[in-house]
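All remarks here apply to the structure that follows.
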Amino acid sequence: GQSLEQPSEVTAVEGAIVQINCTYQTSGFYGLSWYQQHDGGAPTFLSYNGLDGLEETGRFSSFLSRSDSYGYLLLQELQMKDSASYFCAPDYGGATNKLIFGTGTLLAVQP
Amino acid sequence: DAGITQSPRHKVTETGTPVTLRCHQTENHRYMYWYRQDPGHGLRLIHYSYGVKDTDKGEVSDGYSVSRSKTEDFLLTLESATSSQTSVYFCAIRDKLNTGELFFGEGSRLTVL
């Protein structure tokens, strides 16, 4: 299967900035998605990078570097409600159109 | 919100029994996916579909089969459930390519005793 790496856990305090990194396998790669999942809930889509560079959506930004097979999710002005698991999901498109999820990063935001 | 529902939401069954999980969508989306989620493994793709009667295997397809006889329904079947298939199963749908956006159902929690 496709190799995918992201940190298992990250801890930060309210108001801080945190970056969650993701490295992926390039074969068949189309783009990189990020998802958030609160405990007991369904994953929800946060962002997608189809091109290199930074995409900003409110307090969240996502970055992609195809040449480095690397991306990250940046969360700013952390709030307690941001405590959740975050998944990077490379999109291996073409005929398959499948997204492969990593094991996720558990973010704990402390007061 | 995408119209996607999973049934049943919770099921307890015994080893060796067949189980079918249903994913129903009202969005007329072409692509549908079944994932399982287990502690320490994240979300793993079981099977997916790119149209009626068009399905393919994902990362962990052994012990599972799927069917899609109409656009709105994607069924996941465990022919003979095993304890290792105890998991939370998520269905997802996708409309547009090159956006990376999946809409997930609320999940089906299956316990195999």
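Ligands are numbered from 1 in the order shown, chains are lettered A, B, ... in the order of the structure tokens, and residues start at 1 in each chain.
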Selection near range 95-97 of chain B, 8 Å with only C-alpha atoms, sequence-local residues under 6 positions removed, as a list in words
Gly93 and Asn97 of chain A; His29, Arg30 and Tyr31 of chain B
Hey, which bits of chain B sit within 7 Å of chain A, and for each residue what's the closest pair of atoms and how far apart in Å (one decimal), counting only C-alpha atoms, rows by chain and increasing number, as a tab-separated table?
residue	atom	partner	partner_atom	distance
B:Gly40	CA	A:Thr103	CA	6.4
B:His41	CA	A:Thr103	CA	5.1
B:Gly42	CA	A:Thr103	CA	3.8
B:Leu43	CA	A:Phe101	CA	5.6
B:Arg44	CA	A:Phe101	CA	6.6
B:Leu45	CA	A:Ile100	CA	6.8
B:Glu59	CA	A:Gly1	CA	6.7
B:Asn98	CA	A:Gly50	CA	6.9
B:Thr99	CA	A:Tyr48	CA	6.2
B:Gly100	CA	A:Ser33	CA	5.5
B:Glu101	CA	A:Phe45	CA	6.0
B:Leu102	CA	A:Phe45	CA	6.8
B:Phe104	CA	A:Ala42	CA	6.2
B:Gly105	CA	A:Ala42	CA	6.6
B:Glu106	CA	A:Ala42	CA	5.3
B:Gly107	CA	A:Ala42	CA	6.7
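Of note, CA of Ser3 in chain A and CA of Tyr70 in chain A are spaced 12.2 Å apart.
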Spatial neighbours of Pro18 in chain B, 12 Å, only C-alpha atoms, chain gap at least 5 places, as an MDAnalysis selection string
chainID B and resid 11:13 63:65 76:82 85 112
Taking all heavy atoms for each residue, export the selection above as an mmCIF file, in the first residue's frame.
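Dumped everything to selection-v1.cif:
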data_model
loop_
_atom_site.group_PDB
_atom_site.id
_atom_site.type_symbol
_atom_site.label_atom_id
_atom_site.label_comp_id
_atom_site.auth_asym_id
_atom_site.auth_seq_id
_atom_site.Cartn_x
_atom_site.Cartn_y
_atom_site.Cartn_z
ATOM 1 N N LYS B 11 -24.512 -2.813 15.574
ATOM 2 C CA LYS B 11 -24.899 -4.213 15.420
ATOM 3 C C LYS B 11 -23.937 -5.088 16.199
ATOM 4 O O LYS B 11 -22.709 -4.881 16.150
ATOM 5 C CB LYS B 11 -24.904 -4.635 13.952
ATOM 6 C CG LYS B 11 -25.443 -6.052 13.745
ATOM 7 C CD LYS B 11 -25.585 -6.384 12.284
ATOM 8 C CE LYS B 11 -26.148 -7.791 12.106
ATOM 9 N NZ LYS B 11 -27.533 -7.910 12.628
ATOM 10 N N VAL B 12 -24.501 -6.050 16.897
ATOM 11 C CA VAL B 12 -23.720 -7.080 17.575
ATOM 12 C C VAL B 12 -24.095 -8.409 16.948
ATOM 13 O O VAL B 12 -25.283 -8.715 16.822
ATOM 14 C CB VAL B 12 -24.005 -7.103 19.091
ATOM 15 C CG1 VAL B 12 -23.188 -8.195 19.759
ATOM 16 C CG2 VAL B 12 -23.702 -5.748 19.715
ATOM 17 N N THR B 13 -23.106 -9.172 16.554
ATOM 18 C CA THR B 13 -23.370 -10.441 15.902
ATOM 19 C C THR B 13 -22.367 -11.484 16.394
ATOM 20 O O THR B 13 -21.439 -11.169 17.139
ATOM 21 C CB THR B 13 -23.295 -10.294 14.368
ATOM 22 O OG1 THR B 13 -23.820 -11.472 13.757
ATOM 23 C CG2 THR B 13 -21.860 -10.072 13.915
ATOM 24 N N GLY B 63 -12.230 -10.769 3.084
ATOM 25 C CA GLY B 63 -13.333 -11.036 3.997
ATOM 26 C C GLY B 63 -14.543 -10.149 3.776
ATOM 27 O O GLY B 63 -15.551 -10.301 4.465
ATOM 28 N N TYR B 64 -14.440 -9.251 2.799
ATOM 29 C CA TYR B 64 -15.522 -8.318 2.498
ATOM 30 C C TYR B 64 -15.886 -8.396 1.010
ATOM 31 O O TYR B 64 -15.018 -8.600 0.167
ATOM 32 C CB TYR B 64 -15.125 -6.878 2.794
ATOM 33 C CG TYR B 64 -14.720 -6.583 4.206
ATOM 34 C CD1 TYR B 64 -13.375 -6.617 4.580
ATOM 35 C CD2 TYR B 64 -15.665 -6.256 5.172
ATOM 36 C CE1 TYR B 64 -12.990 -6.342 5.869
ATOM 37 C CE2 TYR B 64 -15.277 -5.966 6.476
ATOM 38 C CZ TYR B 64 -13.941 -6.006 6.812
ATOM 39 O OH TYR B 64 -13.561 -5.730 8.096
ATOM 40 N N SER B 65 -17.160 -8.195 0.740
ATOM 41 C CA SER B 65 -17.600 -8.015 -0.634
ATOM 42 C C SER B 65 -18.559 -6.827 -0.670
ATOM 43 O O SER B 65 -19.097 -6.413 0.370
ATOM 44 C CB SER B 65 -18.295 -9.275 -1.163
ATOM 45 O OG SER B 65 -19.466 -9.553 -0.415
ATOM 46 N N LEU B 76 -22.055 -3.276 1.866
ATOM 47 C CA LEU B 76 -20.839 -3.976 2.304
ATOM 48 C C LEU B 76 -21.267 -5.249 3.018
ATOM 49 O O LEU B 76 -22.047 -5.192 3.966
ATOM 50 C CB LEU B 76 -20.030 -3.090 3.254
ATOM 51 C CG LEU B 76 -18.764 -3.713 3.840
ATOM 52 C CD1 LEU B 76 -17.696 -3.873 2.767
ATOM 53 C CD2 LEU B 76 -18.222 -2.859 4.993
ATOM 54 N N THR B 77 -20.765 -6.384 2.572
ATOM 55 C CA THR B 77 -21.153 -7.672 3.152
ATOM 56 C C THR B 77 -19.950 -8.401 3.724
ATOM 57 O O THR B 77 -18.902 -8.497 3.068
ATOM 58 C CB THR B 77 -21.831 -8.568 2.099
ATOM 59 O OG1 THR B 77 -23.049 -7.937 1.668
ATOM 60 C CG2 THR B 77 -22.169 -9.935 2.680
ATOM 61 N N LEU B 78 -20.129 -8.853 4.951
ATOM 62 C CA LEU B 78 -19.181 -9.760 5.577
ATOM 63 C C LEU B 78 -19.815 -11.141 5.465
ATOM 64 O O LEU B 78 -20.832 -11.418 6.099
ATOM 65 C CB LEU B 78 -18.959 -9.394 7.046
ATOM 66 C CG LEU B 78 -18.244 -8.092 7.371
ATOM 67 C CD1 LEU B 78 -19.033 -6.851 6.979
ATOM 68 C CD2 LEU B 78 -17.905 -8.050 8.863
ATOM 69 N N GLU B 79 -19.271 -11.991 4.619
ATOM 70 C CA GLU B 79 -19.901 -13.288 4.347
ATOM 71 C C GLU B 79 -19.957 -14.166 5.591
ATOM 72 O O GLU B 79 -20.924 -14.870 5.833
ATOM 73 C CB GLU B 79 -19.159 -14.001 3.227
ATOM 74 C CG GLU B 79 -19.109 -13.245 1.914
ATOM 75 C CD GLU B 79 -20.461 -13.149 1.224
ATOM 76 O OE1 GLU B 79 -21.402 -13.872 1.626
ATOM 77 O OE2 GLU B 79 -20.586 -12.334 0.291
ATOM 78 N N SER B 80 -18.889 -14.104 6.379
ATOM 79 C CA SER B 80 -18.796 -14.892 7.606
ATOM 80 C C SER B 80 -17.967 -14.078 8.602
ATOM 81 O O SER B 80 -16.745 -14.100 8.563
ATOM 82 C CB SER B 80 -18.132 -16.242 7.321
ATOM 83 O OG SER B 80 -17.998 -16.997 8.511
ATOM 84 N N ALA B 81 -18.663 -13.346 9.439
ATOM 85 C CA ALA B 81 -17.999 -12.373 10.300
ATOM 86 C C ALA B 81 -16.994 -13.036 11.255
ATOM 87 O O ALA B 81 -17.238 -14.134 11.788
ATOM 88 C CB ALA B 81 -19.029 -11.589 11.097
ATOM 89 N N THR B 82 -15.889 -12.339 11.468
ATOM 90 C CA THR B 82 -14.871 -12.788 12.431
ATOM 91 C C THR B 82 -14.630 -11.667 13.444
ATOM 92 O O THR B 82 -14.953 -10.499 13.188
ATOM 93 C CB THR B 82 -13.540 -13.112 11.726
ATOM 94 O OG1 THR B 82 -12.987 -11.900 11.196
ATOM 95 C CG2 THR B 82 -13.733 -14.113 10.595
ATOM 96 N N GLN B 85 -13.096 -8.391 12.525
ATOM 97 C CA GLN B 85 -13.891 -7.425 11.777
ATOM 98 C C GLN B 85 -14.724 -6.530 12.689
ATOM 99 O O GLN B 85 -15.498 -5.694 12.204
ATOM 100 C CB GLN B 85 -14.775 -8.144 10.755
ATOM 101 C CG GLN B 85 -13.962 -8.813 9.657
ATOM 102 C CD GLN B 85 -14.810 -9.620 8.692
ATOM 103 O OE1 GLN B 85 -15.637 -10.439 9.098
ATOM 104 N NE2 GLN B 85 -14.589 -9.423 7.401
ATOM 105 N N VAL B 112 -18.335 -8.185 16.685
ATOM 106 C CA VAL B 112 -18.449 -9.611 16.377
ATOM 107 C C VAL B 112 -17.939 -10.397 17.581
ATOM 108 O O VAL B 112 -16.761 -10.309 17.937
ATOM 109 C CB VAL B 112 -17.647 -9.983 15.117
ATOM 110 C CG1 VAL B 112 -17.868 -11.462 14.781
ATOM 111 C CG2 VAL B 112 -18.042 -9.106 13.934
#
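Near Pro8 in chain B, within a cut-off of 12 Å and counting only C-alpha atoms, sit the residues Val19, Thr20, Leu21, Arg22, Cys23, His24, Leu75, Leu76, Val88, Tyr89, Phe90, Cys91, Gly105, Glu106, Gly107, Ser108, Arg109, Leu110 and Thr111 of chain B, with same-chain residues fewer than 6 positions away left out.
Counting from CA of Val10 in chain A, the distance to CA of Gln37 in chain A is 14.6 Å.
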